[in-house]
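input_7.cif (mmCIF, C-alpha atoms and all ligand atoms)
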```cif
data_start
loop_
_atom_site.label_atom_id
_atom_site.label_comp_id
_atom_site.auth_asym_id
_atom_site.auth_seq_id
_atom_site.Cartn_x
_atom_site.Cartn_y
_atom_site.Cartn_z
CA MET A 1228 -1.93 -276.98 -65.88
CA SER A 1229 1.37 -275.36 -66.75
CA GLU A 1230 2.14 -272.27 -64.72
CA THR A 1231 1.81 -269.66 -67.42
CA ARG A 1232 -1.50 -270.82 -68.82
CA VAL A 1233 -4.86 -269.34 -67.87
CA PHE A 1234 -8.28 -270.90 -67.60
CA ASN A 1235 -9.93 -269.70 -70.80
CA PHE A 1236 -13.74 -269.41 -70.68
CA SER A 1237 -14.06 -268.03 -74.21
CA ALA A 1238 -17.18 -268.97 -76.19
CA GLY A 1239 -15.05 -269.56 -79.27
CA PRO A 1240 -12.38 -269.96 -80.38
CA SER A 1241 -11.91 -271.65 -77.07
CA CYS A 1242 -9.53 -273.71 -75.00
CA LEU A 1243 -8.04 -276.92 -76.40
CA PRO A 1244 -6.80 -279.88 -74.38
CA GLU A 1245 -3.29 -279.13 -73.19
CA ASP A 1246 -2.08 -282.62 -74.12
CA VAL A 1247 -3.17 -281.99 -77.71
CA LEU A 1248 -1.32 -278.68 -77.87
CA LYS A 1249 1.82 -280.35 -76.55
CA GLU A 1250 1.63 -283.11 -79.16
CA CYS A 1251 1.16 -280.53 -81.90
CA ALA A 1252 4.15 -278.59 -80.59
CA ALA A 1253 6.30 -281.71 -80.52
CA GLU A 1254 5.38 -282.52 -84.13
CA MET A 1255 5.56 -278.94 -85.37
CA LEU A 1256 8.89 -278.98 -87.20
CA ASN A 1257 9.07 -282.59 -88.30
CA TYR A 1258 5.82 -284.52 -88.56
CA LYS A 1259 6.54 -288.25 -88.23
CA GLY A 1260 9.88 -288.08 -90.00
CA SER A 1261 8.52 -286.19 -93.02
CA GLY A 1262 10.87 -283.31 -92.33
CA GLN A 1263 7.95 -280.89 -92.59
CA SER A 1264 5.23 -279.39 -90.47
CA VAL A 1265 1.65 -280.45 -91.25
CA MET A 1266 1.16 -276.74 -91.99
CA GLU A 1267 3.51 -277.01 -94.95
CA MET A 1268 2.32 -280.22 -96.53
CA SER A 1269 0.47 -280.69 -99.77
CA HIS A 1270 -3.05 -281.84 -99.09
CA ARG A 1271 -2.49 -284.39 -101.87
CA SER A 1272 0.63 -285.81 -100.22
CA ALA A 1273 1.02 -289.33 -98.89
CA ALA A 1274 1.67 -287.86 -95.44
CA PHE A 1275 -1.58 -285.90 -95.30
CA LYS A 1276 -3.93 -288.60 -96.59
CA PRO A 1277 -3.88 -290.67 -93.38
CA ILE A 1278 -4.42 -287.47 -91.35
CA ILE A 1279 -7.76 -286.62 -92.97
CA GLU A 1280 -8.78 -290.28 -93.08
CA HIS A 1281 -8.07 -290.61 -89.38
CA ALA A 1282 -10.09 -287.48 -88.54
CA GLU A 1283 -13.05 -288.78 -90.51
CA ALA A 1284 -12.83 -292.28 -89.03
CA GLN A 1285 -12.74 -290.83 -85.52
CA VAL A 1286 -15.84 -288.69 -86.16
CA ARG A 1287 -17.62 -291.79 -87.48
CA LYS A 1288 -16.57 -293.88 -84.51
CA LEU A 1289 -17.08 -291.39 -81.67
CA MET A 1290 -20.39 -290.03 -82.99
CA ASN A 1291 -21.54 -293.46 -84.09
CA VAL A 1292 -22.36 -292.12 -87.55
CA PRO A 1293 -24.44 -294.60 -89.60
CA ASP A 1294 -23.09 -295.83 -92.96
CA ASN A 1295 -25.63 -293.89 -95.00
CA TYR A 1296 -24.20 -290.55 -93.85
CA LYS A 1297 -21.27 -288.66 -95.33
CA ILE A 1298 -18.78 -286.74 -93.21
CA LEU A 1299 -17.47 -283.52 -94.75
CA PHE A 1300 -14.79 -281.06 -93.67
CA LEU A 1301 -15.71 -277.67 -95.10
CA GLN A 1302 -14.72 -274.04 -94.68
CA GLY A 1303 -16.68 -270.86 -94.10
CA GLY A 1304 -17.64 -271.61 -90.51
CA GLY A 1305 -21.06 -272.40 -89.13
CA SER A 1306 -22.37 -269.26 -90.81
CA THR A 1307 -21.78 -270.60 -94.32
CA GLN A 1308 -23.92 -273.61 -93.41
CA PHE A 1309 -26.88 -271.25 -92.95
CA ALA A 1310 -26.72 -270.73 -96.72
CA MET A 1311 -25.64 -274.23 -97.75
CA VAL A 1312 -28.51 -275.87 -95.88
CA ALA A 1313 -31.02 -273.62 -97.65
CA GLU A 1314 -29.40 -273.93 -101.09
CA ASN A 1315 -29.14 -277.71 -101.01
CA LEU A 1316 -32.22 -278.77 -99.08
CA ALA A 1317 -34.98 -276.28 -99.97
CA ILE A 1318 -35.47 -277.77 -103.44
CA HIS A 1319 -38.85 -279.50 -103.50
CA THR A 1320 -41.47 -277.17 -102.00
CA GLY A 1321 -39.00 -274.39 -101.23
CA LYS A 1322 -40.46 -274.21 -97.70
CA ALA A 1323 -38.60 -274.66 -94.43
CA ALA A 1324 -39.56 -274.54 -90.74
CA TYR A 1325 -37.28 -272.88 -88.19
CA ILE A 1326 -37.46 -272.95 -84.41
CA GLU A 1327 -36.16 -269.63 -83.17
CA THR A 1328 -34.12 -269.99 -79.99
CA GLY A 1329 -31.69 -267.10 -80.26
CA VAL A 1330 -29.22 -265.30 -82.44
CA TRP A 1331 -27.82 -268.25 -84.38
CA ALA A 1332 -31.19 -269.75 -85.28
CA LYS A 1333 -32.43 -266.29 -86.30
CA LYS A 1334 -29.42 -265.69 -88.51
CA ALA A 1335 -29.91 -269.08 -90.17
CA ALA A 1336 -33.59 -268.29 -90.85
CA ALA A 1337 -32.72 -264.84 -92.19
CA GLU A 1338 -30.15 -266.33 -94.57
CA ALA A 1339 -32.67 -268.87 -95.91
CA LYS A 1340 -35.18 -266.06 -96.46
CA HIS A 1341 -32.53 -264.00 -98.18
CA LEU A 1342 -32.00 -266.88 -100.60
CA GLY A 1343 -35.70 -267.02 -101.43
CA VAL A 1344 -36.77 -269.89 -99.19
CA SER A 1345 -40.24 -269.59 -97.73
CA VAL A 1346 -39.46 -269.64 -94.01
CA ASP A 1347 -42.01 -270.49 -91.30
CA VAL A 1348 -40.93 -269.75 -87.74
CA ILE A 1349 -42.98 -272.49 -86.08
CA ALA A 1350 -41.93 -271.70 -82.49
CA SER A 1351 -39.90 -269.06 -80.70
CA SER A 1352 -38.70 -268.23 -77.23
CA ALA A 1353 -38.28 -264.53 -78.04
CA ASP A 1354 -40.98 -263.70 -75.45
CA LYS A 1355 -38.51 -264.39 -72.62
CA ASN A 1356 -35.29 -263.27 -74.29
CA TYR A 1357 -34.62 -266.85 -75.46
CA SER A 1358 -34.04 -268.11 -71.94
CA TYR A 1359 -35.78 -271.42 -72.70
CA ILE A 1360 -36.36 -273.93 -75.50
CA PRO A 1361 -39.93 -274.09 -76.85
CA ARG A 1362 -41.51 -277.54 -76.79
CA VAL A 1363 -42.37 -278.72 -80.30
CA GLU A 1364 -43.49 -282.33 -80.12
CA LYS A 1365 -44.39 -283.00 -83.70
CA VAL A 1366 -43.78 -281.07 -86.90
CA THR A 1367 -45.97 -281.73 -89.92
CA GLY A 1368 -46.36 -279.96 -93.24
CA ASP A 1369 -44.76 -279.93 -96.66
CA TYR A 1370 -41.45 -278.52 -95.47
CA ASP A 1371 -38.20 -279.44 -97.17
CA TYR A 1372 -36.54 -279.41 -93.76
CA VAL A 1373 -36.92 -278.36 -90.14
CA TYR A 1374 -34.07 -276.35 -88.62
CA ILE A 1375 -32.97 -276.09 -85.00
CA CYS A 1376 -29.96 -274.75 -83.11
CA PHE A 1377 -29.34 -277.52 -80.60
CA ASN A 1378 -27.16 -275.56 -78.16
CA ASN A 1379 -27.55 -271.81 -78.02
CA THR A 1380 -24.09 -270.49 -77.30
CA ILE A 1381 -25.17 -266.96 -76.46
CA MET A 1382 -28.31 -267.69 -74.46
CA GLY A 1383 -26.92 -270.78 -72.73
CA THR A 1384 -29.84 -273.04 -73.59
CA HIS A 1385 -29.88 -276.59 -74.93
CA TYR A 1386 -32.56 -278.92 -76.27
CA GLU A 1387 -33.52 -281.65 -73.83
CA TYR A 1388 -35.42 -283.44 -76.59
CA ILE A 1389 -35.26 -283.99 -80.33
CA PRO A 1390 -38.37 -282.72 -82.15
CA ASP A 1391 -40.21 -285.44 -84.06
CA THR A 1392 -40.32 -284.30 -87.66
CA GLY A 1393 -41.51 -287.59 -89.18
CA ASN A 1394 -40.22 -287.81 -92.75
CA ILE A 1395 -39.10 -284.20 -92.88
CA PRO A 1396 -35.30 -283.98 -92.55
CA LEU A 1397 -34.21 -282.38 -89.30
CA VAL A 1398 -31.20 -280.06 -89.54
CA ALA A 1399 -29.31 -279.10 -86.39
CA ASP A 1400 -26.54 -276.62 -85.70
CA ILE A 1401 -24.42 -278.38 -83.06
CA SER A 1402 -21.48 -275.95 -83.22
CA SER A 1403 -21.24 -275.47 -79.49
CA CYS A 1404 -22.21 -278.93 -78.23
CA VAL A 1405 -20.71 -281.37 -80.71
CA LEU A 1406 -19.30 -284.39 -78.89
CA SER A 1407 -20.16 -282.94 -75.49
CA GLU A 1408 -22.80 -285.66 -75.19
CA GLU A 1409 -24.10 -288.74 -76.93
CA LEU A 1410 -26.32 -287.92 -79.88
CA ASP A 1411 -28.40 -290.22 -82.09
CA VAL A 1412 -27.25 -289.07 -85.53
CA SER A 1413 -29.94 -291.16 -87.23
CA LYS A 1414 -32.59 -288.76 -85.91
CA PHE A 1415 -31.16 -285.99 -88.10
CA GLY A 1416 -30.87 -285.38 -91.82
CA LEU A 1417 -27.95 -283.02 -91.41
CA LEU A 1418 -25.75 -281.90 -88.53
CA PHE A 1419 -23.07 -279.26 -88.69
CA ALA A 1420 -20.55 -277.73 -86.31
CA GLY A 1421 -17.96 -275.02 -86.67
CA ALA A 1422 -14.90 -276.57 -85.04
CA GLN A 1423 -13.65 -273.69 -82.93
CA LYS A 1424 -15.84 -274.38 -79.90
CA ASN A 1425 -15.41 -278.04 -79.14
CA LEU A 1426 -13.28 -279.70 -81.80
CA ALA A 1427 -10.30 -277.76 -83.09
CA PRO A 1428 -8.99 -274.28 -83.85
CA ALA A 1429 -11.13 -272.14 -86.19
CA GLY A 1430 -11.08 -273.01 -89.87
CA VAL A 1431 -13.01 -276.22 -90.41
CA THR A 1432 -16.71 -276.99 -90.25
CA LEU A 1433 -17.83 -280.54 -89.69
CA VAL A 1434 -20.91 -281.56 -91.71
CA ILE A 1435 -22.66 -284.90 -91.30
CA ILE A 1436 -25.27 -285.37 -94.01
CA ARG A 1437 -27.59 -288.25 -94.88
CA GLU A 1438 -26.70 -289.40 -98.38
CA ASP A 1439 -30.16 -288.98 -99.88
CA LEU A 1440 -29.97 -285.25 -99.05
CA ILE A 1441 -26.89 -284.74 -101.19
CA THR A 1442 -28.50 -283.37 -104.31
CA GLU A 1443 -27.26 -282.85 -107.83
CA THR A 1444 -29.72 -280.01 -108.19
CA PRO A 1445 -29.35 -277.38 -105.51
CA ARG A 1446 -31.28 -274.12 -105.88
CA GLU A 1447 -30.60 -272.25 -109.07
CA GLY A 1448 -27.43 -270.19 -109.01
CA THR A 1449 -25.77 -272.11 -106.17
CA PRO A 1450 -21.96 -271.85 -106.55
CA SER A 1451 -20.27 -275.24 -106.82
CA MET A 1452 -18.34 -274.53 -103.61
CA LEU A 1453 -21.71 -274.30 -101.79
CA SER A 1454 -22.97 -277.63 -103.11
CA TYR A 1455 -22.60 -280.57 -100.70
CA LYS A 1456 -22.25 -282.86 -103.70
CA THR A 1457 -19.08 -281.10 -104.81
CA HIS A 1458 -17.41 -281.88 -101.51
CA ALA A 1459 -18.93 -285.33 -101.01
CA ASP A 1460 -17.76 -286.44 -104.46
CA ASN A 1461 -14.24 -285.28 -103.70
CA GLY A 1462 -13.71 -286.52 -100.15
CA SER A 1463 -13.61 -282.93 -98.85
CA MET A 1464 -10.67 -282.29 -101.22
CA TYR A 1465 -12.36 -280.45 -104.09
CA ASN A 1466 -10.09 -277.59 -103.19
CA THR A 1467 -7.46 -277.18 -100.49
CA PRO A 1468 -8.99 -278.17 -97.16
CA PRO A 1469 -7.91 -276.51 -93.87
CA CYS A 1470 -5.21 -279.14 -93.43
CA TYR A 1471 -3.71 -278.14 -90.11
CA THR A 1472 -7.09 -277.68 -88.44
CA ILE A 1473 -8.18 -281.13 -89.59
CA TYR A 1474 -4.97 -282.54 -88.12
CA VAL A 1475 -5.68 -280.93 -84.74
CA LEU A 1476 -9.30 -282.08 -84.92
CA GLY A 1477 -8.10 -285.68 -85.25
CA LYS A 1478 -5.99 -285.26 -82.14
CA VAL A 1479 -8.83 -283.68 -80.17
CA LEU A 1480 -11.01 -286.66 -81.07
CA ASP A 1481 -8.28 -289.05 -79.90
CA TRP A 1482 -8.26 -287.13 -76.63
CA ILE A 1483 -12.06 -287.45 -76.36
CA GLU A 1484 -11.74 -291.17 -76.98
CA LYS A 1485 -9.16 -291.45 -74.19
CA ASN A 1486 -11.66 -289.70 -71.92
CA GLY A 1487 -14.35 -292.29 -72.56
CA GLY A 1488 -15.79 -291.01 -75.86
CA ALA A 1489 -19.01 -289.02 -76.00
CA LYS A 1490 -20.39 -290.87 -73.00
CA GLY A 1491 -17.33 -290.39 -70.81
CA ILE A 1492 -16.84 -286.76 -71.74
CA ASN A 1493 -20.54 -286.10 -71.11
CA LYS A 1494 -20.22 -287.46 -67.59
CA LEU A 1495 -17.39 -285.00 -66.93
CA ASN A 1496 -19.37 -282.17 -68.53
CA VAL A 1497 -22.41 -282.90 -66.36
CA GLU A 1498 -20.21 -282.88 -63.29
CA LYS A 1499 -18.61 -279.54 -64.22
CA ALA A 1500 -21.88 -277.84 -65.15
CA LYS A 1501 -23.61 -279.11 -62.02
CA LEU A 1502 -20.95 -277.53 -59.81
CA LEU A 1503 -21.48 -274.16 -61.45
CA TYR A 1504 -25.29 -274.24 -61.68
CA ASP A 1505 -25.64 -275.51 -58.11
CA TYR A 1506 -23.47 -272.64 -56.96
CA LEU A 1507 -25.48 -270.10 -59.00
CA ASP A 1508 -28.82 -271.49 -57.80
CA SER A 1509 -27.82 -271.30 -54.16
CA SER A 1510 -26.13 -267.90 -54.43
CA SER A 1511 -27.57 -264.66 -53.07
CA ALA A 1512 -25.19 -262.69 -55.30
CA TYR A 1513 -25.58 -264.28 -58.77
CA HIS A 1514 -28.15 -266.09 -60.84
CA ALA A 1515 -28.15 -268.12 -64.05
CA THR A 1516 -30.24 -266.67 -66.89
CA ALA A 1517 -31.27 -269.90 -68.63
CA GLU A 1518 -34.32 -271.75 -67.31
CA LYS A 1519 -33.82 -275.00 -65.44
CA GLY A 1520 -34.43 -278.00 -67.67
CA ASN A 1521 -33.15 -276.16 -70.74
CA ARG A 1522 -29.68 -275.30 -69.58
CA SER A 1523 -26.56 -275.76 -71.65
CA LEU A 1524 -23.70 -277.86 -70.28
CA MET A 1525 -21.31 -275.78 -72.37
CA ASN A 1526 -22.26 -272.11 -72.02
CA VAL A 1527 -23.34 -270.66 -68.70
CA PRO A 1528 -24.48 -267.02 -68.77
CA PHE A 1529 -25.09 -265.45 -65.39
CA LEU A 1530 -25.91 -262.06 -63.86
CA THR A 1531 -25.26 -260.50 -60.52
CA LYS A 1532 -28.30 -259.59 -58.47
CA GLU A 1533 -27.50 -255.89 -58.82
CA ASN A 1534 -30.71 -254.42 -60.28
CA ASP A 1535 -29.56 -250.90 -61.08
CA PRO A 1536 -28.38 -251.13 -64.73
CA ASP A 1537 -25.56 -248.59 -64.38
CA LYS A 1538 -24.24 -250.15 -61.19
CA ALA A 1539 -24.56 -253.62 -62.74
CA LYS A 1540 -22.46 -252.52 -65.70
CA GLU A 1541 -19.72 -251.29 -63.38
CA ILE A 1542 -19.81 -254.45 -61.30
CA ASN A 1543 -19.63 -256.66 -64.40
CA LYS A 1544 -16.63 -254.75 -65.67
CA LYS A 1545 -14.90 -255.10 -62.32
CA PHE A 1546 -15.71 -258.81 -62.22
CA VAL A 1547 -14.26 -259.48 -65.66
CA LYS A 1548 -11.13 -257.44 -64.92
CA GLU A 1549 -10.41 -259.00 -61.54
CA ALA A 1550 -11.12 -262.49 -62.90
CA GLU A 1551 -8.60 -261.87 -65.64
CA ASP A 1552 -6.04 -260.78 -63.06
CA ALA A 1553 -6.71 -264.08 -61.31
CA GLY A 1554 -6.04 -266.08 -64.51
CA LEU A 1555 -9.69 -266.64 -65.45
CA VAL A 1556 -10.14 -265.03 -68.85
CA ASN A 1557 -12.87 -264.24 -71.39
CA LEU A 1558 -15.77 -264.14 -68.93
CA ALA A 1559 -17.57 -261.06 -70.32
CA GLY A 1560 -21.16 -261.85 -71.23
CA HIS A 1561 -22.64 -261.34 -74.67
CA ARG A 1562 -24.26 -257.91 -74.99
CA LEU A 1563 -27.68 -259.50 -75.64
CA VAL A 1564 -27.70 -261.17 -72.23
CA GLY A 1565 -25.35 -258.94 -70.29
CA GLY A 1566 -23.47 -259.99 -67.18
CA MET A 1567 -20.99 -262.78 -67.56
CA ARG A 1568 -20.72 -266.03 -69.49
CA ALA A 1569 -18.53 -269.00 -68.68
CA SER A 1570 -18.06 -271.37 -71.58
CA ILE A 1571 -16.97 -274.69 -70.18
CA TYR A 1572 -16.38 -276.82 -73.24
CA ASN A 1573 -14.96 -280.34 -73.23
CA ALA A 1574 -11.39 -279.09 -72.85
CA MET A 1575 -12.08 -276.99 -69.72
CA PRO A 1576 -10.79 -279.01 -66.78
CA ILE A 1577 -12.93 -279.26 -63.64
CA GLU A 1578 -10.16 -277.38 -61.81
CA GLY A 1579 -11.06 -274.36 -63.98
CA VAL A 1580 -14.68 -274.50 -62.88
CA LYS A 1581 -13.65 -274.85 -59.23
CA ALA A 1582 -11.28 -271.89 -59.58
CA LEU A 1583 -14.09 -269.83 -61.12
CA ILE A 1584 -16.51 -270.63 -58.29
CA ALA A 1585 -13.88 -269.77 -55.68
CA PHE A 1586 -13.26 -266.47 -57.43
CA MET A 1587 -17.00 -265.72 -57.70
CA ASP A 1588 -17.43 -266.35 -54.02
CA LYS A 1589 -14.57 -264.07 -53.06
CA PHE A 1590 -15.78 -261.36 -55.45
CA ALA A 1591 -19.32 -261.60 -54.02
CA LYS A 1592 -18.07 -261.18 -50.45
CA GLU A 1593 -16.02 -258.15 -51.41
CA ASN A 1594 -18.51 -256.46 -53.77
CA LEU A 1595 -22.01 -257.86 -53.68
CA GLN A 1596 -23.06 -257.99 -50.04
C1 LIG B 1 -20.28 -269.73 -83.11
C2 LIG B 1 -21.55 -270.26 -83.65
C3 LIG B 1 -21.92 -270.11 -85.00
C4 LIG B 1 -21.10 -269.29 -85.97
O1 LIG B 1 -19.96 -269.94 -86.30
P1 LIG B 1 -18.88 -269.30 -87.29
O2 LIG B 1 -17.96 -270.45 -87.46
O3 LIG B 1 -18.27 -268.13 -86.61
O4 LIG B 1 -19.58 -268.93 -88.55
C5 LIG B 1 -23.09 -270.68 -85.43
N1 LIG B 1 -23.87 -271.37 -84.59
C6 LIG B 1 -23.55 -271.55 -83.30
C7 LIG B 1 -24.45 -272.33 -82.41
C8 LIG B 1 -22.39 -271.00 -82.78
O5 LIG B 1 -22.07 -271.16 -81.50
#
```
Whole structure, structure tokens version:
Amino acid sequence: MSETRVFNFSAGPSCLPEDVLKECAAEMLNYKGSGQSVMEMSHRSAAFKPIIEHAEAQVRKLMNVPDNYKILFLQGGGSTQFAMVAENLAIHTGKAAYIETGVWAKKAAAEAKHLGVSVDVIASSADKNYSYIPRVEKVTGDYDYVYICFNNTIMGTHYEYIPDTGNIPLVADISSCVLSEELDVSKFGLLFAGAQKNLAPAGVTLVIIREDLITETPREGTPSMLSYKTHADNGSMYNTPPCYTIYVLGKVLDWIEKNGGAKGINKLNVEKAKLLYDYLDSSSAYHATAEKGNRSLMNVPFLTKENDPDKAKEINKKFVKEAEDAGLVNLAGHRLVGGMRASIYNAMPIEGVKALIAFMDKFAKENLQ
């Protein structure tokens, strides 16, 4: 790591591979002899066309996306997908099933309801502050789709299984775990991921949708910008796409490929997460909040064992401040869980995790014993 850079544990936007940033910097003023930055190019130009085609081809290759799925690069973040999924998929019975595993799944369900979809919450882990993933073996019913949030960024939980929904399309928000592991795309009707956690800077949302779910007749009143068909018919170029972000995304995928693709990167992720969870599980000063068996490889919330809420608040503040001074930034926990959260996405090197554990150990000796 270069001397002036920190280890950034932000939940998103989050750290990018340093090699990618360097390449972008080198190409900033004159992209491949075009005399322009990718930031300045027309999205209809001959120079940009191969950039978006490359990004799409890399998604297809690295995620092993079957031929009957379309890959879309959209805007509006993961949050806009909450509405697009409902508008485009809830069109036969108008009913949808949601598994509630935390903030993002709840927001998605609330948006569908807001748009007039009849929402059934078929399982929830609210009883234990979303610290686990409910087991739903088989979903039946006349639902237009079943919705899950595959990795819960705030709660630090992750599905260890894919619910069997039979013929009902399964929709998954994979914003915070995309390409952190191998995933069988054919098990899903639609997958989406805001890019700013594991793929690119903020600004693009990756959507992978089975072709038969691209409808000409979304719910009444759906704006054309919120219709998947609009974007599928126009190769994600109905309007100006987030060109520069798509360019960086292509480079991040090249970097993932160099690291062994989804399989190789997953091996590294397992190794990094294991270091941190093993440390937390054996610590007398800290503990992880997510239940074993349902833990995220990407987002690791943890608390100190200080039980007094006021004292805990002070300790957390001190932890975050001293960590920052030590070059370990963005470790404050989400207010719904408290404590700290280390997001260790693909681009976080194992050295960052080791540095964090060393800091935690020192901080515990000085403050928590
Ligand atoms: C961050 C996040 C979102 C929201 O993404 P935006 O791009 O900010 O709209 C949705 N779902 C999950 C799982 C996330 O981590």
- In Å, rounded to a single decimal, give me how far CA of Glu1245 in chain A is from CA of Ile1571 in chain A. 14.7 Å
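Proximity to Asn1594 in chain A at 8 Å, evaluated using all atoms listed in the file and with sequence-adjacent residues fewer than 3 positions away removed, yields Ile1542, Phe1590 and Ala1591 of chain A.
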- Message: So that I can see what lies close to Asn1461 in chain A, please list as a list in words the residues with an atom at most 12 Å from it, counting all atoms listed in the file and leaving out residues fewer than 5 positions away in the same chain.
- Response: Arg1271, Lys1297, Ile1298, Leu1299, Phe1300, Leu1301, Met1452, Ser1454, Tyr1455, Lys1456, Asn1466, Thr1467 and Pro1468 of chain A
- Message: From the options A:Lys1334, A:Lys1340, A:Lys1589, A:Lys1288, which residue's atoms come nearest to Thr1307 in chain A, counting only C-alpha atoms?
- Response: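 The closest residue to Thr1307 in chain A is A:Lys1334.
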- Message: Please identify all protein, DNA and RNA residues within 7 Å of ligand LIG 1 (chain B), counting all atoms listed in the file, and report them as a ChimeraX atom specification.
- Response: /A:1239,1303-1307,1331,1376,1378-1380,1400-1403,1421
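The gap separating CA of Leu1289 in chain A from CA of Ile1441 in chain A is 22.8 Å, in Å to one decimal.
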- For Ala1238 in chain A, work out the shell of residues within 7 Å, counting all atoms listed in the file and skipping chain neighbours fewer than 2 positions away, then give it as an MDAnalysis selection string. chainID A and resid 1236 1240:1241 1424 1570
- Task: Give the answer as one residue: which of A:Thr1392, A:Asn1543, A:Asn1315, A:Ser1351 has the shortest atom-to-atom distance to Thr1444 in chain A, using all atoms listed in the file?
- Result: A:Asn1315
